[in-house]
>>> print(open('data_13.txt').read())   # compact mmCIF, N, CA, C and O atoms
# COMPACT_ATOMS: atom_id res chain seq x y z
N LEU F 1 114.14 34.66 -72.66
CA LEU F 1 113.85 34.47 -74.06
C LEU F 1 112.76 33.43 -74.17
O LEU F 1 112.87 32.35 -73.59
N GLU F 2 111.70 33.76 -74.88
CA GLU F 2 110.61 32.80 -75.12
C GLU F 2 110.39 32.68 -76.61
O GLU F 2 110.16 33.67 -77.30
N ILE F 3 110.50 31.45 -77.12
CA ILE F 3 110.29 31.18 -78.54
C ILE F 3 109.29 30.04 -78.65
O ILE F 3 109.43 29.01 -77.97
N ASN F 4 108.30 30.20 -79.54
CA ASN F 4 107.20 29.23 -79.62
C ASN F 4 107.43 28.12 -80.65
O ASN F 4 106.51 27.40 -80.98
N GLN F 5 108.64 27.98 -81.16
CA GLN F 5 108.97 26.88 -82.06
C GLN F 5 110.42 26.47 -81.83
O GLN F 5 111.20 27.24 -81.27
N ALA F 6 110.77 25.27 -82.23
CA ALA F 6 112.15 24.82 -82.10
C ALA F 6 113.05 25.74 -82.91
O ALA F 6 112.64 26.29 -83.94
N PHE F 7 114.27 25.92 -82.44
CA PHE F 7 115.21 26.80 -83.13
C PHE F 7 116.61 26.27 -82.97
O PHE F 7 116.86 25.29 -82.26
N ASN F 8 117.56 26.90 -83.66
CA ASN F 8 118.93 26.47 -83.67
C ASN F 8 119.82 27.65 -83.30
O ASN F 8 119.65 28.74 -83.84
N ILE F 9 120.74 27.44 -82.36
CA ILE F 9 121.73 28.44 -81.99
C ILE F 9 123.10 27.77 -82.06
O ILE F 9 123.31 26.73 -81.44
N ASN F 10 124.00 28.38 -82.81
CA ASN F 10 125.38 27.91 -82.87
C ASN F 10 125.46 26.42 -83.21
O ASN F 10 126.26 25.68 -82.63
N GLY F 11 124.59 25.97 -84.13
CA GLY F 11 124.61 24.58 -84.55
C GLY F 11 123.91 23.60 -83.63
O GLY F 11 123.90 22.41 -83.89
N GLN F 12 123.31 24.10 -82.55
CA GLN F 12 122.61 23.23 -81.61
C GLN F 12 121.10 23.46 -81.68
O GLN F 12 120.64 24.60 -81.65
N SER F 13 120.36 22.38 -81.75
CA SER F 13 118.90 22.44 -81.78
C SER F 13 118.38 22.66 -80.36
O SER F 13 118.83 22.01 -79.41
N VAL F 14 117.41 23.58 -80.24
CA VAL F 14 116.82 23.91 -78.94
C VAL F 14 115.30 23.82 -79.09
O VAL F 14 114.73 24.39 -80.02
N PRO F 15 114.60 23.10 -78.21
CA PRO F 15 113.14 23.02 -78.31
C PRO F 15 112.47 24.36 -77.98
O PRO F 15 113.04 25.20 -77.28
N ALA F 16 111.26 24.54 -78.47
CA ALA F 16 110.48 25.73 -78.13
C ALA F 16 110.37 25.82 -76.61
O ALA F 16 110.35 24.81 -75.91
N GLY F 17 110.33 27.05 -76.09
CA GLY F 17 110.19 27.22 -74.66
C GLY F 17 110.70 28.55 -74.17
O GLY F 17 110.96 29.46 -74.94
N LYS F 18 110.83 28.64 -72.84
CA LYS F 18 111.33 29.84 -72.17
C LYS F 18 112.72 29.54 -71.61
O LYS F 18 112.92 28.48 -71.02
N TYR F 19 113.63 30.50 -71.78
CA TYR F 19 115.00 30.30 -71.36
C TYR F 19 115.57 31.57 -70.73
O TYR F 19 115.19 32.68 -71.10
N ALA F 20 116.50 31.39 -69.81
CA ALA F 20 117.26 32.51 -69.26
C ALA F 20 118.52 32.70 -70.09
O ALA F 20 119.10 31.73 -70.60
N ILE F 21 118.94 33.94 -70.23
CA ILE F 21 120.16 34.28 -70.95
C ILE F 21 121.16 34.86 -69.96
O ILE F 21 120.82 35.72 -69.16
N PHE F 22 122.38 34.37 -70.04
CA PHE F 22 123.49 34.92 -69.27
C PHE F 22 124.65 35.18 -70.21
O PHE F 22 124.80 34.49 -71.23
N THR F 23 125.47 36.14 -69.88
CA THR F 23 126.70 36.38 -70.62
C THR F 23 127.84 36.56 -69.62
O THR F 23 127.63 37.04 -68.50
N ILE F 24 129.01 36.17 -70.06
CA ILE F 24 130.23 36.43 -69.29
C ILE F 24 131.12 37.27 -70.20
O ILE F 24 131.67 36.75 -71.18
N PRO F 25 131.21 38.58 -69.95
CA PRO F 25 131.99 39.45 -70.82
C PRO F 25 133.49 39.20 -70.67
O PRO F 25 133.98 38.89 -69.58
N GLY F 26 134.19 39.33 -71.78
CA GLY F 26 135.64 39.25 -71.81
C GLY F 26 136.19 40.30 -72.75
O GLY F 26 135.45 40.91 -73.51
N GLU F 27 137.47 40.51 -72.72
CA GLU F 27 138.10 41.52 -73.59
C GLU F 27 137.96 41.15 -75.06
O GLU F 27 137.58 41.97 -75.88
N GLU F 28 138.26 39.91 -75.40
CA GLU F 28 138.26 39.48 -76.81
C GLU F 28 137.02 38.66 -77.18
O GLU F 28 136.66 38.59 -78.35
N ALA F 29 136.42 38.00 -76.21
CA ALA F 29 135.25 37.16 -76.48
C ALA F 29 134.33 37.16 -75.26
O ALA F 29 134.78 37.35 -74.14
N TRP F 30 133.05 36.99 -75.53
CA TRP F 30 132.06 36.84 -74.47
C TRP F 30 131.56 35.40 -74.51
O TRP F 30 131.49 34.79 -75.57
N THR F 31 131.17 34.89 -73.35
CA THR F 31 130.50 33.60 -73.30
C THR F 31 129.00 33.86 -73.24
O THR F 31 128.53 34.62 -72.39
N PHE F 32 128.27 33.25 -74.17
CA PHE F 32 126.81 33.32 -74.21
C PHE F 32 126.28 32.03 -73.61
O PHE F 32 126.73 30.94 -73.97
N ILE F 33 125.31 32.15 -72.70
CA ILE F 33 124.75 30.98 -72.02
C ILE F 33 123.22 31.01 -72.16
O ILE F 33 122.60 32.03 -71.88
N LEU F 34 122.65 29.90 -72.57
CA LEU F 34 121.20 29.71 -72.57
C LEU F 34 120.91 28.67 -71.50
O LEU F 34 121.44 27.56 -71.54
N ASN F 35 120.06 29.03 -70.55
CA ASN F 35 119.81 28.20 -69.37
C ASN F 35 118.33 27.85 -69.31
O ASN F 35 117.48 28.70 -69.58
N LYS F 36 118.01 26.61 -68.95
CA LYS F 36 116.60 26.17 -68.97
C LYS F 36 115.76 26.73 -67.83
O LYS F 36 114.54 26.69 -67.89
N ASN F 37 116.37 27.27 -66.78
CA ASN F 37 115.62 27.84 -65.67
C ASN F 37 115.33 29.31 -65.96
O ASN F 37 116.07 30.20 -65.56
N TRP F 38 114.25 29.58 -66.66
CA TRP F 38 113.93 30.95 -67.09
C TRP F 38 113.45 31.83 -65.94
O TRP F 38 113.51 33.05 -66.03
N ASP F 39 112.99 31.26 -64.87
CA ASP F 39 112.41 32.04 -63.77
C ASP F 39 113.44 32.27 -62.66
O ASP F 39 113.26 31.86 -61.53
N GLN F 40 114.52 32.94 -63.02
CA GLN F 40 115.60 33.22 -62.07
C GLN F 40 115.62 34.70 -61.73
O GLN F 40 115.21 35.53 -62.53
N HIS F 41 116.12 34.99 -60.57
CA HIS F 41 116.28 36.38 -60.15
C HIS F 41 117.76 36.64 -59.98
O HIS F 41 118.37 36.18 -59.01
N LEU F 42 118.32 37.33 -60.95
CA LEU F 42 119.75 37.64 -60.98
C LEU F 42 120.56 36.35 -61.04
O LEU F 42 120.04 35.26 -61.23
N ALA F 43 121.84 36.47 -60.89
CA ALA F 43 122.72 35.31 -61.01
C ALA F 43 122.77 34.47 -59.74
O ALA F 43 123.36 33.40 -59.73
N ASP F 44 122.13 34.92 -58.67
CA ASP F 44 122.15 34.16 -57.42
C ASP F 44 121.50 32.78 -57.55
O ASP F 44 121.88 31.85 -56.84
N ASP F 45 120.52 32.65 -58.44
CA ASP F 45 119.83 31.38 -58.64
C ASP F 45 120.44 30.54 -59.75
O ASP F 45 120.00 29.43 -60.01
N TYR F 46 121.47 31.06 -60.43
CA TYR F 46 122.06 30.39 -61.58
C TYR F 46 122.75 29.09 -61.17
O TYR F 46 123.47 29.04 -60.19
N ARG F 47 122.52 28.04 -61.99
CA ARG F 47 123.20 26.76 -61.82
C ARG F 47 123.68 26.30 -63.19
O ARG F 47 122.87 26.13 -64.11
N ALA F 48 124.97 26.08 -63.32
CA ALA F 48 125.56 25.68 -64.61
C ALA F 48 125.00 24.35 -65.11
O ALA F 48 124.93 24.13 -66.33
N ASP F 49 124.57 23.47 -64.21
CA ASP F 49 124.03 22.18 -64.65
C ASP F 49 122.68 22.33 -65.37
O ASP F 49 122.19 21.36 -65.93
N GLU F 50 122.10 23.52 -65.35
CA GLU F 50 120.84 23.77 -66.07
C GLU F 50 121.08 24.47 -67.42
O GLU F 50 120.13 24.83 -68.09
N ASP F 51 122.35 24.62 -67.81
CA ASP F 51 122.65 25.22 -69.11
C ASP F 51 122.21 24.31 -70.24
O ASP F 51 122.47 23.11 -70.23
N ILE F 52 121.56 24.90 -71.22
CA ILE F 52 121.21 24.19 -72.45
C ILE F 52 122.41 24.23 -73.40
O ILE F 52 122.74 23.27 -74.05
N LEU F 53 123.04 25.41 -73.45
CA LEU F 53 124.23 25.57 -74.28
C LEU F 53 125.04 26.76 -73.79
O LEU F 53 124.53 27.64 -73.09
N ARG F 54 126.30 26.76 -74.18
CA ARG F 54 127.18 27.91 -73.92
C ARG F 54 128.25 27.89 -74.99
O ARG F 54 128.71 26.84 -75.40
N PHE F 55 128.61 29.09 -75.47
CA PHE F 55 129.65 29.21 -76.48
C PHE F 55 130.20 30.63 -76.46
O PHE F 55 129.60 31.53 -75.89
N GLU F 56 131.34 30.80 -77.09
CA GLU F 56 131.96 32.12 -77.16
C GLU F 56 131.51 32.86 -78.41
O GLU F 56 131.29 32.26 -79.46
N VAL F 57 131.37 34.17 -78.26
CA VAL F 57 130.99 35.04 -79.37
C VAL F 57 131.89 36.28 -79.31
O VAL F 57 132.27 36.74 -78.23
N THR F 58 132.24 36.80 -80.48
CA THR F 58 133.10 37.98 -80.55
C THR F 58 132.25 39.24 -80.50
O THR F 58 131.34 39.41 -81.32
N PRO F 59 132.51 40.13 -79.55
CA PRO F 59 131.73 41.37 -79.47
C PRO F 59 132.17 42.36 -80.54
O PRO F 59 133.30 42.28 -81.05
N GLU F 60 131.28 43.26 -80.89
CA GLU F 60 131.63 44.34 -81.82
C GLU F 60 131.51 45.67 -81.09
O GLU F 60 130.69 45.83 -80.19
N ARG F 61 132.33 46.60 -81.48
CA ARG F 61 132.31 47.95 -80.89
C ARG F 61 131.25 48.79 -81.59
O ARG F 61 131.08 48.72 -82.79
N LEU F 62 130.53 49.58 -80.80
CA LEU F 62 129.50 50.48 -81.33
C LEU F 62 130.02 51.92 -81.35
O LEU F 62 130.77 52.32 -80.45
N ALA F 63 129.61 52.68 -82.32
CA ALA F 63 129.99 54.09 -82.39
C ALA F 63 129.22 54.91 -81.35
O ALA F 63 129.75 55.84 -80.76
N GLU F 64 127.96 54.54 -81.14
CA GLU F 64 127.10 55.24 -80.19
C GLU F 64 127.05 54.48 -78.87
O GLU F 64 127.11 53.25 -78.85
N ASN F 65 126.89 55.21 -77.78
CA ASN F 65 126.79 54.60 -76.47
C ASN F 65 125.35 54.14 -76.21
O ASN F 65 124.41 54.92 -76.35
N GLN F 66 125.17 52.87 -75.85
CA GLN F 66 123.88 52.31 -75.45
C GLN F 66 123.83 52.36 -73.94
O GLN F 66 124.44 51.53 -73.27
N GLU F 67 123.14 53.37 -73.38
CA GLU F 67 123.19 53.60 -71.93
C GLU F 67 122.55 52.50 -71.10
O GLU F 67 123.01 52.20 -70.01
N ARG F 68 121.48 51.91 -71.59
CA ARG F 68 120.82 50.82 -70.86
C ARG F 68 121.01 49.52 -71.61
O ARG F 68 121.04 49.49 -72.83
N LEU F 69 121.09 48.43 -70.86
CA LEU F 69 121.20 47.11 -71.46
C LEU F 69 120.00 46.89 -72.38
O LEU F 69 118.85 47.11 -71.98
N LEU F 70 120.26 46.49 -73.62
CA LEU F 70 119.21 46.32 -74.61
C LEU F 70 119.27 44.93 -75.24
O LEU F 70 120.32 44.52 -75.74
N TYR F 71 118.15 44.21 -75.16
CA TYR F 71 117.99 42.94 -75.86
C TYR F 71 117.06 43.22 -77.02
O TYR F 71 115.98 43.78 -76.82
N ALA F 72 117.44 42.82 -78.23
CA ALA F 72 116.61 43.08 -79.41
C ALA F 72 116.67 41.89 -80.36
O ALA F 72 117.70 41.21 -80.45
N ILE F 73 115.57 41.66 -81.05
CA ILE F 73 115.54 40.67 -82.13
C ILE F 73 115.52 41.48 -83.43
O ILE F 73 114.61 42.28 -83.65
N GLU F 74 116.52 41.28 -84.26
CA GLU F 74 116.70 42.06 -85.49
C GLU F 74 116.81 41.13 -86.69
O GLU F 74 117.04 39.94 -86.55
N ASN F 75 116.66 41.72 -87.88
CA ASN F 75 116.81 41.00 -89.15
C ASN F 75 115.95 39.74 -89.20
O ASN F 75 116.43 38.66 -89.51
N ILE F 76 114.69 39.91 -88.88
CA ILE F 76 113.76 38.79 -88.79
C ILE F 76 113.29 38.37 -90.18
O ILE F 76 112.89 39.21 -90.98
N SER F 77 113.35 37.07 -90.46
CA SER F 77 112.78 36.50 -91.67
C SER F 77 112.05 35.22 -91.28
O SER F 77 111.97 34.88 -90.10
N ASP F 78 111.53 34.50 -92.26
CA ASP F 78 110.83 33.25 -91.96
C ASP F 78 111.75 32.18 -91.37
O ASP F 78 111.30 31.31 -90.63
N ASN F 79 113.05 32.24 -91.72
CA ASN F 79 113.97 31.18 -91.33
C ASN F 79 115.03 31.57 -90.31
O ASN F 79 115.73 30.70 -89.80
N GLU F 80 115.18 32.87 -90.05
CA GLU F 80 116.24 33.28 -89.14
C GLU F 80 116.00 34.66 -88.56
O GLU F 80 115.16 35.42 -89.05
N ALA F 81 116.75 34.96 -87.52
CA ALA F 81 116.73 36.28 -86.88
C ALA F 81 118.02 36.39 -86.07
O ALA F 81 118.73 35.41 -85.87
N ASN F 82 118.32 37.60 -85.62
CA ASN F 82 119.50 37.81 -84.77
C ASN F 82 119.06 38.33 -83.42
O ASN F 82 118.32 39.31 -83.34
N LEU F 83 119.51 37.68 -82.37
CA LEU F 83 119.37 38.20 -81.02
C LEU F 83 120.58 39.09 -80.79
O LEU F 83 121.71 38.64 -80.92
N GLN F 84 120.32 40.37 -80.48
CA GLN F 84 121.42 41.30 -80.23
C GLN F 84 121.32 41.81 -78.80
O GLN F 84 120.25 42.19 -78.34
N ILE F 85 122.46 41.80 -78.12
CA ILE F 85 122.56 42.32 -76.76
C ILE F 85 123.57 43.45 -76.80
O ILE F 85 124.73 43.23 -77.18
N SER F 86 123.13 44.65 -76.42
CA SER F 86 123.98 45.84 -76.50
C SER F 86 124.01 46.54 -75.14
O SER F 86 122.99 46.63 -74.46
N TRP F 87 125.21 47.06 -74.82
CA TRP F 87 125.36 47.84 -73.59
C TRP F 87 126.63 48.64 -73.72
O TRP F 87 127.67 48.11 -74.12
N GLU F 88 126.53 49.90 -73.36
CA GLU F 88 127.62 50.86 -73.51
C GLU F 88 128.07 50.86 -74.97
O GLU F 88 127.27 51.16 -75.83
N LYS F 89 129.29 50.52 -75.29
CA LYS F 89 129.75 50.56 -76.68
C LYS F 89 130.06 49.18 -77.23
O LYS F 89 130.89 49.01 -78.11
N ILE F 90 129.36 48.17 -76.70
CA ILE F 90 129.57 46.77 -77.11
C ILE F 90 128.24 46.15 -77.51
O ILE F 90 127.20 46.40 -76.91
N ARG F 91 128.30 45.29 -78.54
CA ARG F 91 127.12 44.50 -78.92
C ARG F 91 127.60 43.10 -79.30
O ARG F 91 128.63 42.93 -79.94
N ILE F 92 126.82 42.09 -78.88
CA ILE F 92 127.02 40.75 -79.38
C ILE F 92 125.78 40.37 -80.17
O ILE F 92 124.67 40.81 -79.87
N THR F 93 126.00 39.57 -81.20
CA THR F 93 124.92 39.12 -82.07
C THR F 93 124.90 37.60 -82.08
O THR F 93 125.92 36.97 -82.34
N ILE F 94 123.73 37.05 -81.80
CA ILE F 94 123.53 35.61 -81.75
C ILE F 94 122.55 35.23 -82.87
O ILE F 94 121.36 35.54 -82.78
N PRO F 95 123.03 34.58 -83.94
CA PRO F 95 122.12 34.16 -85.01
C PRO F 95 121.19 33.03 -84.53
O PRO F 95 121.65 32.08 -83.90
N LEU F 96 119.93 33.16 -84.85
CA LEU F 96 118.91 32.15 -84.56
C LEU F 96 118.38 31.63 -85.89
O LEU F 96 118.11 32.42 -86.80
N LYS F 97 118.21 30.33 -86.01
CA LYS F 97 117.62 29.73 -87.21
C LYS F 97 116.40 28.92 -86.80
O LYS F 97 116.40 28.27 -85.76
N PHE F 98 115.38 28.94 -87.67
CA PHE F 98 114.13 28.25 -87.37
C PHE F 98 113.84 27.17 -88.38
O PHE F 98 114.27 27.20 -89.48
>>> encode(input="data_13.txt", output="structure tokens")
Amino acid sequence: LEINQAFNINGQSVPAGKYAIFTIPGEEAWTFILNKNWDQHLADDYRADEDILRFEVTPERLAENQERLLYAIENISDNEANLQISWEKIRITIPLKF
């Protein structure tokens, strides 16, 4: 994820920059992780001490199957947008504020 201005996720301020995104799926909740080491190759290079933030988010069920992992920025306005991550019949939505 690369954003050219400071933004807010889950009540936490994050400076402009490039970040890696990780998720830990669960039955009732997923853990969303924003990590400062954006230049990683798979989870083998992941280090929790480089996390900027992590929090739980409730997934929603989709009616249609999303065959490939999809990252999308939706509902964009001057002050906010939603980062959506969809795969198979699950989607998580992460509100971003600017």
>>> closest_atom_pairs(input="data_13.txt", of="segment 52-88 of chain F", to="segment 23-26 of chain F", cutoff="10 Å", atoms="only C-alpha atoms", output="CSV")
residue,atom,partner,partner_atom,distance
F:Arg54,CA,F:Thr23,CA,9.1
F:Phe55,CA,F:Thr23,CA,9.7
F:Glu56,CA,F:Ile24,CA,9.1
F:Val57,CA,F:Pro25,CA,9.7
F:Thr58,CA,F:Gly26,CA,9.2
F:Pro59,CA,F:Gly26,CA,8.9
F:Ile85,CA,F:Thr23,CA,9.5
>>> residues_near_point(input="data_13.txt", point="(111.5, 31.2, -73.5)", cutoff="8 Å", atoms="all atoms listed in the file", output="PyMOL selection string")
chain F and resi 1-4+15-20+35-36+38
>>> atom_distance(input="data_13.txt", atom1="atom C of Gln40 of chain F", atom2="atom C of Ile76 of chain F")
28.8 Å
>>> residues_around(input="data_13.txt", residues="Arg68 of chain F", least_positions_apart="3", cutoff="7 Å", atoms="all atoms listed in the file", output="PyMOL selection string")
chain F and resi 65+71+86-88
>>> select_by_dssp(input="data_13.txt", residues="chain F", states="helix (DSSP H, G or I)", output="list in words")
Ala43, Asp44, Asp45, Ala48, Asp49 and Glu50 of chain F
>>> select_by_dssp(input="data_13.txt", residues="chain F", states="strand (DSSP E or B)", output="PyMOL selection string")
chain F and resi 2-3+7-9+12-14+17-18+20-24+30-35+51-57+60-74+80-97
>>> atom_distance(input="data_13.txt", atom1="atom C of Glu27 of chain F", atom2="atom CA of Glu67 of chain F")
19.6 Å
>>> residues_near_point(input="data_13.txt", point="(116.2, 33.1, -87.9)", cutoff="7 Å", atoms="only N, CA, C and O atoms", output="list in words")
Asn8, Asn75, Ile76, Ser77, Asp78, Asn79, Glu80, Ala81, Asn82, Pro95, Leu96, Lys97 and Phe98 of chain F
>>> write_last_selection(input="data_13.txt", atoms="N, CA, C and O atoms", output="compact mmCIF listing (two decimals), keeping the file's coordinate frame")
# COMPACT_ATOMS: atom_id res chain seq x y z
N ASN F 8 117.56 26.90 -83.66
CA ASN F 8 118.93 26.47 -83.67
C ASN F 8 119.82 27.65 -83.30
O ASN F 8 119.65 28.74 -83.84
N ASN F 75 116.66 41.72 -87.88
CA ASN F 75 116.81 41.00 -89.15
C ASN F 75 115.95 39.74 -89.20
O ASN F 75 116.43 38.66 -89.51
N ILE F 76 114.69 39.91 -88.88
CA ILE F 76 113.76 38.79 -88.79
C ILE F 76 113.29 38.37 -90.18
O ILE F 76 112.89 39.21 -90.98
N SER F 77 113.35 37.07 -90.46
CA SER F 77 112.78 36.50 -91.67
C SER F 77 112.05 35.22 -91.28
O SER F 77 111.97 34.88 -90.10
N ASP F 78 111.53 34.50 -92.26
CA ASP F 78 110.83 33.25 -91.96
C ASP F 78 111.75 32.18 -91.37
O ASP F 78 111.30 31.31 -90.63
N ASN F 79 113.05 32.24 -91.72
CA ASN F 79 113.97 31.18 -91.33
C ASN F 79 115.03 31.57 -90.31
O ASN F 79 115.73 30.70 -89.80
N GLU F 80 115.18 32.87 -90.05
CA GLU F 80 116.24 33.28 -89.14
C GLU F 80 116.00 34.66 -88.56
O GLU F 80 115.16 35.42 -89.05
N ALA F 81 116.75 34.96 -87.52
CA ALA F 81 116.73 36.28 -86.88
C ALA F 81 118.02 36.39 -86.07
O ALA F 81 118.73 35.41 -85.87
N ASN F 82 118.32 37.60 -85.62
CA ASN F 82 119.50 37.81 -84.77
C ASN F 82 119.06 38.33 -83.42
O ASN F 82 118.32 39.31 -83.34
N PRO F 95 123.03 34.58 -83.94
CA PRO F 95 122.12 34.16 -85.01
C PRO F 95 121.19 33.03 -84.53
O PRO F 95 121.65 32.08 -83.90
N LEU F 96 119.93 33.16 -84.85
CA LEU F 96 118.91 32.15 -84.56
C LEU F 96 118.38 31.63 -85.89
O LEU F 96 118.11 32.42 -86.80
N LYS F 97 118.21 30.33 -86.01
CA LYS F 97 117.62 29.73 -87.21
C LYS F 97 116.40 28.92 -86.80
O LYS F 97 116.40 28.27 -85.76
N PHE F 98 115.38 28.94 -87.67
CA PHE F 98 114.13 28.25 -87.37
C PHE F 98 113.84 27.17 -88.38
O PHE F 98 114.27 27.20 -89.48
